[in-house]
Number of protein chains: 4
Amino acid sequence: MAHSHKPEADALLDKEFKVLDHGFVRLVDYMGTDESIVQAARVSYGKGTKKISEDRGLIRYLMKNMHTSPFEMVEFKFHIKLPIFVARQWIRHRTANVNEYSGRYSVMPEEFYLPRQEDICFQAIDNKQGRSEKAIPPELQKEFIAYLKKSQKDTFEGYSRFIEAGLAREIARINLPLAIYTEWYWKIDLHNLFHFLKLRLDKHAQREIRAYAETMAEIVKTVCPMAYEAFMDYRINTLSFSGPELKFLHKTLKTTNLKLKYLTDMGLSQRDAVEFLEKIETIKKQKK
Amino acid sequence: MAHSHKPEADALLDKEFKVLDHGFVRLVDYMGTDESIVQAARVSYGKGTKKISEDRGLIRYLMKNMHTSPFEMVEFKFHIKLPIFVARQWIRHRTANVNEYSGRYSVMPEEFYLPRQEDICFQAIDNKQGRSEKAIPPELQKEFIAYLKKSQKDTFEGYSRFIEAGLAREIARINLPLAIYTEWYWKIDLHNLFHFLKLRLDKHAQREIRAYAETMAEIVKTVCPMAYEAFMDYRINTLSFSGPELKFLHKTLKTTNLKLKYLTDMGLSQRDAVEFLEKIETIKKQKK
Amino acid sequence: MAHSHKPEADALLDKEFKVLDHGFVRLVDYMGTDESIVQAARVSYGKGTKKISEDRGLIRYLMKNMHTSPFEMVEFKFHIKLPIFVARQWIRHRTANVNEYSGRYSVMPEEFYLPRQEDICFQAIDNKQGRSEKAIPPELQKEFIAYLKKSQKDTFEGYSRFIEAGLAREIARINLPLAIYTEWYWKIDLHNLFHFLKLRLDKHAQREIRAYAETMAEIVKTVCPMAYEAFMDYRINTLSFSGPELKFLHKTLKTTNLKLKYLTDMGLSQRDAVEFLEKIETIKKQKK
Amino acid sequence: MAHSHKPEADALLDKEFKVLDHGFVRLVDYMGTDESIVQAARVSYGKGTKKISEDRGLIRYLMKNMHTSPFEMVEFKFHIKLPIFVARQWIRHRTANVNEYSGRYSVMPEEFYLPRQEDICFQAIDNKQGRSEKAIPPELQKEFIAYLKKSQKDTFEGYSRFIEAGLAREIARINLPLAIYTEWYWKIDLHNLFHFLKLRLDKHAQREIRAYAETMAEIVKTVCPMAYEAFMDYRINTLSFSGPELKFLHKTLKTTNLKLKYLTDMGLSQRDAVEFLEKIETIKKQKK
């Protein structure tokens, strides 16, 4: 066996997928595919995995049961161009490798993020960290854009002037705005990338970092389609009820005669159908 | 302000809580309490946290919304004595600090784990990794115990003999059984300890490591009662429905007129009650 | 035994040590002292450590021989106020826990780093990342300070205006300069803190982050004086010769009759003196 | 650009390199080569790296100056078969991904490490953790091997018997010896792999894990020859003098007239030659 690659994934290599106004995501390299997850899991579970013999089923089983280590066996390396305020949220994900453009070694290029008019919103009331969907006067949006443009231009003019005068780059740069673009190489394994995506695809994530997460999600989907499907089914499109909520859930249940056969006919695996009916029973038991 | 400590927690320091036949868990030191979680969260969310002003409410909000970093601000240091086969499962949790007794530097003491008769079970069929609840002949259990005892005794006699003959400890020890006890200092932050507990309190975890997890859970409960309660409510006692399952869940719902007021009267917070009703609506929408 | 603390260290708790113009370092809490390092090492090395019985000697032995895990058993929690461009260098140290003030939740205060005149230097030629010691016209320094002040004032006025107009904080802030102050709680173990200090006390580190490292080094020295001394002797004040350099080093050696007794009389331990003479022999052997 | 691979390295893929009596190291996959290190470094240092334009020079500069992040951009995935006592030392390296064969899911095969006669030594006196080079009676060695064989055979017979009787695998296995072989997939980046090699190639590492490290070092040398050379020159074949030692080193120095030109003629780079002479001056200054 040689490297575990896929033609569809190889076709993505080195393409710049545009994000925001000047940013991009570029897949520089990757190691492994769905097959590598299965291969690693089979080492762990050895003969015990005989019965879960089909790849898709095994990957879904691993995802559902939090057997996360086989997903760590796939690695992605991205080249990303992004505004610094996005980079500051991003870097909080510590289990990754990073090489960032250095404003100490090199002069920063004059490229700033300028939001589109529709991205300029009022502060949300209920969601303390986000934007409201309330209508906002277009003049206020335009005024804000004008302010950004002028401030970016003025600050950068100063920066350039002092760089030309020979000032140390590490000190000349300190007034550059958080909206300036930087670049980095970012390498991460699939398990930790899923964790990143879980948090950064969320509606509570800032819109600008979400745009990057969405682009990367598409890349992951091409490289590891089965793992991606399992991630969507078991991490993203789920509904969780906490202990206190479970005490009320049974009040919404009617007596059903949902049959195992019906569920498997509709596409659930035998194991999933059994587990689903067990959950319903668990809810009913809360009544007592 | 000085160290963040609690008398109830300090009372646990240095007590050996017995686990299995010769093992123990001992809380050597800890840094921080529920208060430290709140303190760190208030730095992050600044004035944004004014309204979630009550400590318990804030901690529950953090746990529910996966704002995990404030839980990393509490640290525990344990001294643990455990069989090597348990240590091998345990060490897979990488975000922790460890100092283990070394069989290269020191002679291993003659202490082995010997399961109680009721812990010797048949292989489970459905759960490939665990034990069955099927009845097992007591003679088989006794025979197994006798085998363990003899094998442990014989192997250790050999070990002792060659140690006395001056053989290098690192090579003399290689036939010691996985059931021999070792010890270590293990230091971990609360967020990662919760992750450990989530996996090791689970019914799929091996019974022997679960015994340690249960003891440690009690210690955590004393040091950080609010965080522990939130962990139980939002991580342990939850029920999650995957994407595919959600397609069926609405079939079990009856038309209810669960009112917000009823839920809050019954103890849910306003926010939790609103979210609960939203989840029910989400389930209903799957129908279409 | 209770918590491992020291009165001298406790006296530092909650004091703000000023760094730069508006920044500070504050020790919020700590867990462990030199004694905790020894305690953990004795678990690992068991009876093997009997002969290295003295605490200072054991700590030096651990540091010299890269036995790093016992140093991970001490934990520090700092509260730090620092400019964002410093925070961006700092956060590259991944083995730490962080809670940062969030510009999405809260309004950023109007506090910017303004370098002192003597900190404004020309770009270094040989050190691509640093500042030159070459004389710089004071007018250029003053002009730069004036530019920073004006740009900081103008940008913040815009920020305040749009915050008051109700714009979402997460978008209003994007033009704030890298020189604006942020705050965080930062928790790290002693081994990783030493690694941070090694890199950030270095003359190649940017002067502004070095100022923080120096302040923290003083705190570490108070909490763990023996470990700090060993760190200085074996990590900071060392001279390393690479393979290619070793080929030349013997050319600088004269025939000496350095005696073991002389070295131990002068303060080296027996073990250190033996090792020193072995190194000299190693150098001499390169000749052949 | 496509994947960063090399034919010489691809030729190693999937070959089993035998280690000890039944173990092996197999390179399953890798991502990146020397070129990837340079590529990532150039992102960081941008135009600042123009002058260090040659790849080998840049890699050596990075290694010498502890700019470790570009080395994290290369990833290795190994399949390894090793005795459990070696696995227990190995797993202490936490910055890696692991999938191990599970004795809970699968029956352990009957394969044990049996040291060669020459590997059975007396305990070292000076090196508390290792083996002595003192002569040892061959009868003692043979007696030890006989003990190992018998004990391994007896224990495994018991294990097999109780597995056949249907006992849970997780409990049946607890008396298996530390010398039994296990397998795992192990994935790690080059920077952390170098750290592993630094510690496990060392003469203080147990001989058995050193055998694995030596095999892996050869693989790394083929995949990344320039990085490997730099690692050997700046991490392995170095000599470090601590602060206290430096106080004596000048006593061994003679007045030399080592010239820059001589050093560069002999193969040191200009920069390295300058630094070497600076170090000699540093030593001389200690005199005062």
# chains A, B, ... in the order shown; residues from 1 in each chain; ligands from 1
>>> closest_atom_pairs(of="chain B", to="chain A", cutoff="9 Å", atoms="only C-alpha atoms", output="CSV")
residue,atom,partner,partner_atom,distance
B:Tyr45,CA,A:Gln129,CA,8.9
B:Gly48,CA,A:Lys128,CA,6.3
B:Thr49,CA,A:Lys128,CA,8.6
B:Lys64,CA,A:Ser242,CA,8.7
B:Met66,CA,A:Leu199,CA,8.6
B:Lys128,CA,A:Gly48,CA,6.4
B:Gln129,CA,A:Gly48,CA,8.2
B:Leu199,CA,A:Met66,CA,8.6
B:Met232,CA,A:Gly243,CA,7.6
B:Asp233,CA,A:Gly243,CA,4.6
B:Tyr234,CA,A:Ser242,CA,5.1
B:Arg235,CA,A:Ser242,CA,7.6
B:Ile236,CA,A:Gly243,CA,8.0
B:Asn237,CA,A:Gly243,CA,4.9
B:Thr238,CA,A:Ser242,CA,4.5
B:Leu239,CA,A:Phe241,CA,5.2
B:Ser240,CA,A:Ser240,CA,4.1
B:Phe241,CA,A:Leu239,CA,5.2
B:Ser242,CA,A:Thr238,CA,4.5
B:Gly243,CA,A:Asp233,CA,4.6
B:Pro244,CA,A:Asp233,CA,6.7
B:Glu245,CA,A:Phe276,CA,6.9
B:Leu246,CA,A:Thr238,CA,7.5
B:Phe248,CA,A:Leu263,CA,8.1
B:Leu249,CA,A:Ile280,CA,8.6
B:Lys251,CA,A:Thr256,CA,7.7
B:Thr252,CA,A:Leu253,CA,5.4
B:Leu253,CA,A:Leu253,CA,4.5
B:Lys254,CA,A:Lys254,CA,4.9
B:Thr255,CA,A:Thr252,CA,7.1
B:Thr256,CA,A:Thr252,CA,5.9
B:Asn257,CA,A:Thr252,CA,8.8
B:Leu258,CA,A:Thr252,CA,8.0
B:Leu263,CA,A:Phe248,CA,8.1
B:Gly267,CA,A:Pro244,CA,8.6
B:Leu268,CA,A:Pro244,CA,7.4
B:Asp272,CA,A:Glu245,CA,8.3
B:Ala273,CA,A:Glu245,CA,8.4
B:Phe276,CA,A:Glu245,CA,6.8
B:Lys279,CA,A:Leu239,CA,7.4
B:Ile280,CA,A:Thr252,CA,8.3
B:Thr282,CA,A:Leu239,CA,8.9
B:Ile283,CA,A:Leu239,CA,8.7
>>> write_last_selection(atoms="N, CA and C atoms", output="compact mmCIF listing (two decimals), in the first residue's frame")
# COMPACT_ATOMS: atom_id res chain seq x y z
N TYR B 45 -15.83 37.43 29.85
CA TYR B 45 -17.08 37.97 29.36
C TYR B 45 -17.35 39.36 29.90
N GLY B 48 -20.30 41.79 29.85
CA GLY B 48 -21.30 40.95 29.20
C GLY B 48 -21.94 39.96 30.16
N THR B 49 -21.30 39.73 31.31
CA THR B 49 -21.83 38.73 32.24
C THR B 49 -22.66 39.35 33.34
N LYS B 64 -23.25 24.33 29.67
CA LYS B 64 -24.24 24.04 28.63
C LYS B 64 -23.75 24.49 27.26
N MET B 66 -20.66 24.91 26.18
CA MET B 66 -19.32 24.45 25.80
C MET B 66 -18.27 25.56 25.94
N LYS B 128 -18.67 -5.71 22.85
CA LYS B 128 -17.47 -6.49 22.54
C LYS B 128 -16.34 -6.30 23.53
N GLN B 129 -16.42 -5.24 24.31
CA GLN B 129 -15.29 -4.94 25.17
C GLN B 129 -15.55 -5.29 26.62
N LEU B 199 -15.78 9.63 30.18
CA LEU B 199 -15.45 8.36 29.52
C LEU B 199 -15.31 7.21 30.49
N MET B 232 -22.98 16.84 35.69
CA MET B 232 -23.94 15.73 35.73
C MET B 232 -25.15 16.05 34.86
N ASP B 233 -25.63 17.26 34.96
CA ASP B 233 -26.85 17.63 34.23
C ASP B 233 -26.63 17.77 32.72
N TYR B 234 -25.47 18.27 32.33
CA TYR B 234 -25.27 18.58 30.90
C TYR B 234 -24.32 17.63 30.18
N ARG B 235 -23.64 16.75 30.91
CA ARG B 235 -22.74 15.82 30.22
C ARG B 235 -23.10 14.37 30.49
N ILE B 236 -23.53 14.08 31.71
CA ILE B 236 -23.75 12.67 32.07
C ILE B 236 -25.22 12.28 31.88
N ASN B 237 -26.09 12.97 32.57
CA ASN B 237 -27.51 12.58 32.52
C ASN B 237 -28.24 13.23 31.35
N THR B 238 -27.70 13.08 30.17
CA THR B 238 -28.33 13.69 29.00
C THR B 238 -28.75 12.60 28.04
N LEU B 239 -29.60 12.99 27.12
CA LEU B 239 -30.03 12.08 26.07
C LEU B 239 -29.90 12.84 24.77
N SER B 240 -29.16 12.28 23.82
CA SER B 240 -28.90 12.96 22.56
C SER B 240 -29.56 12.20 21.43
N PHE B 241 -30.16 12.94 20.53
CA PHE B 241 -30.73 12.31 19.34
C PHE B 241 -29.94 12.77 18.12
N SER B 242 -29.47 11.80 17.35
CA SER B 242 -28.70 12.11 16.15
C SER B 242 -29.62 12.59 15.04
N GLY B 243 -29.03 13.13 14.00
CA GLY B 243 -29.80 13.56 12.84
C GLY B 243 -30.78 12.49 12.37
N PRO B 244 -30.30 11.28 12.08
CA PRO B 244 -31.22 10.25 11.59
C PRO B 244 -32.34 9.93 12.58
N GLU B 245 -32.03 9.96 13.88
CA GLU B 245 -33.06 9.66 14.87
C GLU B 245 -34.12 10.74 14.94
N LEU B 246 -33.67 11.99 14.74
CA LEU B 246 -34.62 13.10 14.85
C LEU B 246 -35.77 12.95 13.86
N PHE B 248 -37.42 10.51 13.33
CA PHE B 248 -38.47 9.65 13.87
C PHE B 248 -39.07 10.19 15.16
N LEU B 249 -38.34 11.08 15.80
CA LEU B 249 -38.75 11.46 17.15
C LEU B 249 -40.12 12.13 17.15
N LYS B 251 -42.65 11.43 15.66
CA LYS B 251 -43.73 10.44 15.64
C LYS B 251 -44.15 10.04 17.05
N THR B 252 -43.32 10.34 18.01
CA THR B 252 -43.64 9.96 19.38
C THR B 252 -44.26 11.13 20.16
N LEU B 253 -44.32 12.29 19.52
CA LEU B 253 -44.79 13.48 20.23
C LEU B 253 -46.30 13.61 20.16
N LYS B 254 -46.90 13.98 21.25
CA LYS B 254 -48.32 14.31 21.20
C LYS B 254 -48.44 15.84 21.24
N THR B 255 -49.62 16.31 20.86
CA THR B 255 -49.85 17.75 20.98
C THR B 255 -49.95 18.08 22.46
N THR B 256 -49.03 18.89 22.89
CA THR B 256 -49.08 19.25 24.31
C THR B 256 -49.28 20.74 24.41
N ASN B 257 -49.73 21.14 25.54
CA ASN B 257 -49.75 22.60 25.76
C ASN B 257 -48.87 22.93 26.96
N LEU B 258 -47.65 22.35 26.91
CA LEU B 258 -46.66 22.67 27.94
C LEU B 258 -46.41 24.17 27.92
N LEU B 263 -43.14 25.28 33.28
CA LEU B 263 -41.74 24.82 33.34
C LEU B 263 -40.93 25.62 34.36
N GLY B 267 -39.14 24.62 38.10
CA GLY B 267 -37.73 24.74 38.44
C GLY B 267 -36.77 25.07 37.31
N LEU B 268 -37.24 25.02 36.07
CA LEU B 268 -36.32 25.43 34.99
C LEU B 268 -36.14 26.94 35.04
N ASP B 272 -33.74 28.37 30.18
CA ASP B 272 -33.80 26.92 29.92
C ASP B 272 -35.18 26.51 29.43
N ALA B 273 -36.20 27.13 30.00
CA ALA B 273 -37.57 26.79 29.62
C ALA B 273 -37.82 27.19 28.17
N PHE B 276 -36.05 24.77 25.93
CA PHE B 276 -36.71 23.46 25.91
C PHE B 276 -37.88 23.47 24.91
N LYS B 279 -36.73 23.36 21.42
CA LYS B 279 -36.31 22.03 20.97
C LYS B 279 -37.52 21.19 20.55
N ILE B 280 -38.61 21.29 21.32
CA ILE B 280 -39.83 20.54 20.98
C ILE B 280 -40.33 21.00 19.61
N THR B 282 -38.51 22.25 17.25
CA THR B 282 -37.56 21.73 16.26
C THR B 282 -37.93 20.30 15.88
N ILE B 283 -38.26 19.50 16.88
CA ILE B 283 -38.63 18.11 16.61
C ILE B 283 -39.87 18.07 15.73
>>> residues_around(residues="range 210-219 of chain B", least_positions_apart="2", cutoff="7 Å", atoms="only C-alpha atoms", output="PDB file with N, CA and C atoms, in the first residue's frame")
ATOM      1  N   VAL B  19      -9.495   1.954  46.770  1.00  0.00           N
ATOM      2  CA  VAL B  19     -10.133   1.498  45.534  1.00  0.00           C
ATOM      3  C   VAL B  19      -9.580   0.116  45.207  1.00  0.00           C
ATOM      4  N   LEU B 197     -13.720  11.702  33.385  1.00  0.00           N
ATOM      5  CA  LEU B 197     -14.843  11.107  34.125  1.00  0.00           C
ATOM      6  C   LEU B 197     -15.970  10.706  33.176  1.00  0.00           C
ATOM      7  N   ARG B 200     -14.801   7.478  31.691  1.00  0.00           N
ATOM      8  CA  ARG B 200     -14.457   6.384  32.601  1.00  0.00           C
ATOM      9  C   ARG B 200     -15.551   6.073  33.625  1.00  0.00           C
ATOM     10  N   LEU B 201     -16.566   6.909  33.714  1.00  0.00           N
ATOM     11  CA  LEU B 201     -17.745   6.567  34.512  1.00  0.00           C
ATOM     12  C   LEU B 201     -18.740   5.784  33.662  1.00  0.00           C
ATOM     13  N   ALA B 205     -16.829   1.507  30.144  1.00  0.00           N
ATOM     14  CA  ALA B 205     -15.469   1.516  30.703  1.00  0.00           C
ATOM     15  C   ALA B 205     -15.265   0.239  31.520  1.00  0.00           C
ATOM     16  N   GLN B 206     -14.016  -0.225  31.584  1.00  0.00           N
ATOM     17  CA  GLN B 206     -13.761  -1.434  32.372  1.00  0.00           C
ATOM     18  C   GLN B 206     -14.057  -1.160  33.842  1.00  0.00           C
ATOM     19  N   ARG B 207     -14.699  -2.127  34.475  1.00  0.00           N
ATOM     20  CA  ARG B 207     -15.178  -1.957  35.848  1.00  0.00           C
ATOM     21  C   ARG B 207     -14.094  -1.433  36.788  1.00  0.00           C
ATOM     22  N   GLU B 208     -12.850  -1.897  36.595  1.00  0.00           N
ATOM     23  CA  GLU B 208     -11.777  -1.534  37.524  1.00  0.00           C
ATOM     24  C   GLU B 208     -11.419  -0.051  37.427  1.00  0.00           C
ATOM     25  N   LYS B 221     -16.835  16.532  43.417  1.00  0.00           N
ATOM     26  CA  LYS B 221     -18.117  17.042  43.923  1.00  0.00           C
ATOM     27  C   LYS B 221     -17.907  17.889  45.180  1.00  0.00           C
ATOM     28  N   THR B 222     -16.960  17.497  45.997  1.00  0.00           N
ATOM     29  CA  THR B 222     -16.691  18.253  47.228  1.00  0.00           C
ATOM     30  C   THR B 222     -15.939  19.549  46.933  1.00  0.00           C
ATOM     31  N   VAL B 223     -14.989  19.495  46.018  1.00  0.00           N
ATOM     32  CA  VAL B 223     -14.176  20.683  45.741  1.00  0.00           C
ATOM     33  C   VAL B 223     -14.977  21.710  44.926  1.00  0.00           C
TER      34      VAL B 223
END
>>> select_by_dssp(residues="range 71-193 of chain D", states="helix (DSSP H, G or I)", output="MDAnalysis selection string")
chainID D and resid 71:73 84:90 117:119 138:164 169:175 190:193
>>> residues_around(residues="range 119-126 of chain B", least_positions_apart="4", cutoff="6 Å", atoms="only C-alpha atoms", output="PyMOL selection string")
(chain B and resi 115+130-132+141) or (chain D and resi 166-168)
>>> write_last_selection(atoms="C-alpha atoms", output="PDB file, in the first residue's frame")
ATOM      1  CA  PRO B 115     -10.615  -9.503  41.464  1.00  0.00           C
ATOM      2  CA  GLY B 130     -17.050  -5.847  28.372  1.00  0.00           C
ATOM      3  CA  ARG B 131     -18.497  -8.406  30.736  1.00  0.00           C
ATOM      4  CA  SER B 132     -21.754 -10.276  30.505  1.00  0.00           C
ATOM      5  CA  GLN B 141     -14.536 -18.057  39.113  1.00  0.00           C
TER       6      GLN B 141
ATOM      7  CA  GLY D 166     -15.678 -17.835  27.835  1.00  0.00           C
ATOM      8  CA  LEU D 167     -14.285 -15.456  30.464  1.00  0.00           C
ATOM      9  CA  ALA D 168     -14.372 -11.751  29.587  1.00  0.00           C
TER      10      ALA D 168
END
>>> select_by_dssp(residues="range 15-211 of chain B", states="strand (DSSP E or B)", output="VMD selection string")
chain B and resid 16 to 19 23 to 31 75 to 83 97 to 100 112 122 to 123 131 167 177 180 to 189
>>> closest_residue(among="B:Glu170, B:Cys224, B:Asp34, B:Asp202", to="Gln89 in chain D", atoms="only C-alpha atoms")
B:Glu170
>>> residues_around(residues="Ile84 in chain B", least_positions_apart="2", cutoff="7 Å", atoms="only C-alpha atoms", output="list in words")
Leu82, Val86, Ala87, Arg88, Leu178, Ala179, Ile180, Tyr181 and Thr182 of chain B
>>> atom_distance(atom1="CA of Glu111 in chain A", atom2="CA of Ile174 in chain C")
13.4 Å
>>> atom_distance(atom1="CA of Arg26 in chain B", atom2="CA of Leu176 in chain B")
25.3 Å
>>> residues_around(residues="Phe162 in chain D", least_positions_apart="2", cutoff="10 Å", atoms="only C-alpha atoms", output="list in words")
Phe122, Leu140, Gln141, Glu143, Phe144 and Tyr147 of chain B; Phe156, Glu157, Gly158, Tyr159, Ser160, Glu164, Ala165, Gly166, Leu167, Ala168, Arg169, Ile171, Ala172 and Arg173 of chain D
>>> atom_distance(atom1="CA of Asp29 in chain D", atom2="CA of Met73 in chain A")
10.1 Å
>>> residues_around(residues="Thr33 in chain B", least_positions_apart="4", cutoff="10 Å", atoms="only C-alpha atoms", output="ChimeraX atom specification")
/B:3-6,9,37-39,71,73-75,190,220,222-227
>>> residues_around(residues="range 184-187 of chain B", least_positions_apart="2", cutoff="6 Å", atoms="only C-alpha atoms", output="list in words")
Phe76, Lys77, Phe78, His79, Ile80, Ala96, Asn97, Val98, Asn99 and Glu100 of chain B
>>> decode(residues="range 6-72 of chain C", atoms="C-alpha atoms", output="PDB file, in the first residue's frame")
ATOM      1  CA  LYS C   6       5.340  29.392  51.179  1.00  0.00           C
ATOM      2  CA  PRO C   7       4.840  32.648  53.099  1.00  0.00           C
ATOM      3  CA  GLU C   8       7.206  34.577  50.792  1.00  0.00           C
ATOM      4  CA  ALA C   9       5.229  33.386  47.812  1.00  0.00           C
ATOM      5  CA  ASP C  10       1.872  34.012  49.463  1.00  0.00           C
ATOM      6  CA  ALA C  11       3.008  37.578  50.034  1.00  0.00           C
ATOM      7  CA  LEU C  12       3.082  38.077  46.255  1.00  0.00           C
ATOM      8  CA  LEU C  13      -0.494  36.954  45.698  1.00  0.00           C
ATOM      9  CA  ASP C  14      -2.705  39.578  44.117  1.00  0.00           C
ATOM     10  CA  LYS C  15      -0.031  42.239  43.875  1.00  0.00           C
ATOM     11  CA  GLU C  16       0.027  44.018  40.540  1.00  0.00           C
ATOM     12  CA  PHE C  17       3.558  44.176  39.176  1.00  0.00           C
ATOM     13  CA  LYS C  18       3.549  46.944  36.618  1.00  0.00           C
ATOM     14  CA  VAL C  19       4.910  46.144  33.142  1.00  0.00           C
ATOM     15  CA  LEU C  20       5.160  48.624  30.248  1.00  0.00           C
ATOM     16  CA  ASP C  21       2.972  51.712  30.572  1.00  0.00           C
ATOM     17  CA  HIS C  22      -0.419  50.227  31.475  1.00  0.00           C
ATOM     18  CA  GLY C  23       0.234  46.491  31.759  1.00  0.00           C
ATOM     19  CA  PHE C  24       0.750  44.260  34.751  1.00  0.00           C
ATOM     20  CA  VAL C  25       1.451  40.744  35.949  1.00  0.00           C
ATOM     21  CA  ARG C  26      -0.464  39.489  38.961  1.00  0.00           C
ATOM     22  CA  LEU C  27       0.001  36.091  40.592  1.00  0.00           C
ATOM     23  CA  VAL C  28      -3.557  34.915  41.204  1.00  0.00           C
ATOM     24  CA  ASP C  29      -2.773  31.510  42.653  1.00  0.00           C
ATOM     25  CA  TYR C  30      -0.130  28.831  42.626  1.00  0.00           C
ATOM     26  CA  MET C  31       0.034  25.154  43.569  1.00  0.00           C
ATOM     27  CA  GLY C  32       3.278  23.720  44.843  1.00  0.00           C
ATOM     28  CA  THR C  33       6.820  24.762  45.619  1.00  0.00           C
ATOM     29  CA  ASP C  34      10.303  23.257  45.318  1.00  0.00           C
ATOM     30  CA  GLU C  35       9.098  20.682  47.800  1.00  0.00           C
ATOM     31  CA  SER C  36       6.406  19.453  45.394  1.00  0.00           C
ATOM     32  CA  ILE C  37       9.002  18.807  42.709  1.00  0.00           C
ATOM     33  CA  VAL C  38      11.009  16.696  45.115  1.00  0.00           C
ATOM     34  CA  GLN C  39       7.901  14.924  46.331  1.00  0.00           C
ATOM     35  CA  ALA C  40       6.880  13.930  42.792  1.00  0.00           C
ATOM     36  CA  ALA C  41      10.396  12.899  41.821  1.00  0.00           C
ATOM     37  CA  ARG C  42      10.605  10.631  44.846  1.00  0.00           C
ATOM     38  CA  VAL C  43       7.488   8.790  43.669  1.00  0.00           C
ATOM     39  CA  SER C  44       9.126   8.173  40.302  1.00  0.00           C
ATOM     40  CA  TYR C  45      12.551   7.216  41.416  1.00  0.00           C
ATOM     41  CA  GLY C  46      11.469   5.582  44.644  1.00  0.00           C
ATOM     42  CA  LYS C  47      14.274   3.977  46.583  1.00  0.00           C
ATOM     43  CA  GLY C  48      16.568   4.850  43.708  1.00  0.00           C
ATOM     44  CA  THR C  49      16.665   8.422  44.973  1.00  0.00           C
ATOM     45  CA  LYS C  50      17.891   7.600  48.432  1.00  0.00           C
ATOM     46  CA  LYS C  51      21.418   8.694  47.730  1.00  0.00           C
ATOM     47  CA  ILE C  52      20.487  11.942  46.031  1.00  0.00           C
ATOM     48  CA  SER C  53      18.815  12.741  49.249  1.00  0.00           C
ATOM     49  CA  GLU C  54      19.203  16.465  49.453  1.00  0.00           C
ATOM     50  CA  ASP C  55      16.433  18.536  47.858  1.00  0.00           C
ATOM     51  CA  ARG C  56      18.598  21.038  46.021  1.00  0.00           C
ATOM     52  CA  GLY C  57      20.812  18.317  44.639  1.00  0.00           C
ATOM     53  CA  LEU C  58      17.842  16.316  43.419  1.00  0.00           C
ATOM     54  CA  ILE C  59      16.272  19.329  41.701  1.00  0.00           C
ATOM     55  CA  ARG C  60      19.542  20.128  39.943  1.00  0.00           C
ATOM     56  CA  TYR C  61      19.924  16.513  38.891  1.00  0.00           C
ATOM     57  CA  LEU C  62      16.414  16.530  37.395  1.00  0.00           C
ATOM     58  CA  MET C  63      17.002  19.778  35.506  1.00  0.00           C
ATOM     59  CA  LYS C  64      20.401  18.721  34.192  1.00  0.00           C
ATOM     60  CA  ASN C  65      19.193  15.353  32.974  1.00  0.00           C
ATOM     61  CA  MET C  66      15.994  16.580  31.345  1.00  0.00           C
ATOM     62  CA  HIS C  67      13.768  14.757  33.812  1.00  0.00           C
ATOM     63  CA  THR C  68      11.109  17.349  33.241  1.00  0.00           C
ATOM     64  CA  SER C  69       7.938  15.740  34.551  1.00  0.00           C
ATOM     65  CA  PRO C  70       8.385  16.621  38.248  1.00  0.00           C
ATOM     66  CA  PHE C  71       8.516  20.309  37.258  1.00  0.00           C
ATOM     67  CA  GLU C  72       5.067  19.881  35.722  1.00  0.00           C
TER      68      GLU C  72
END
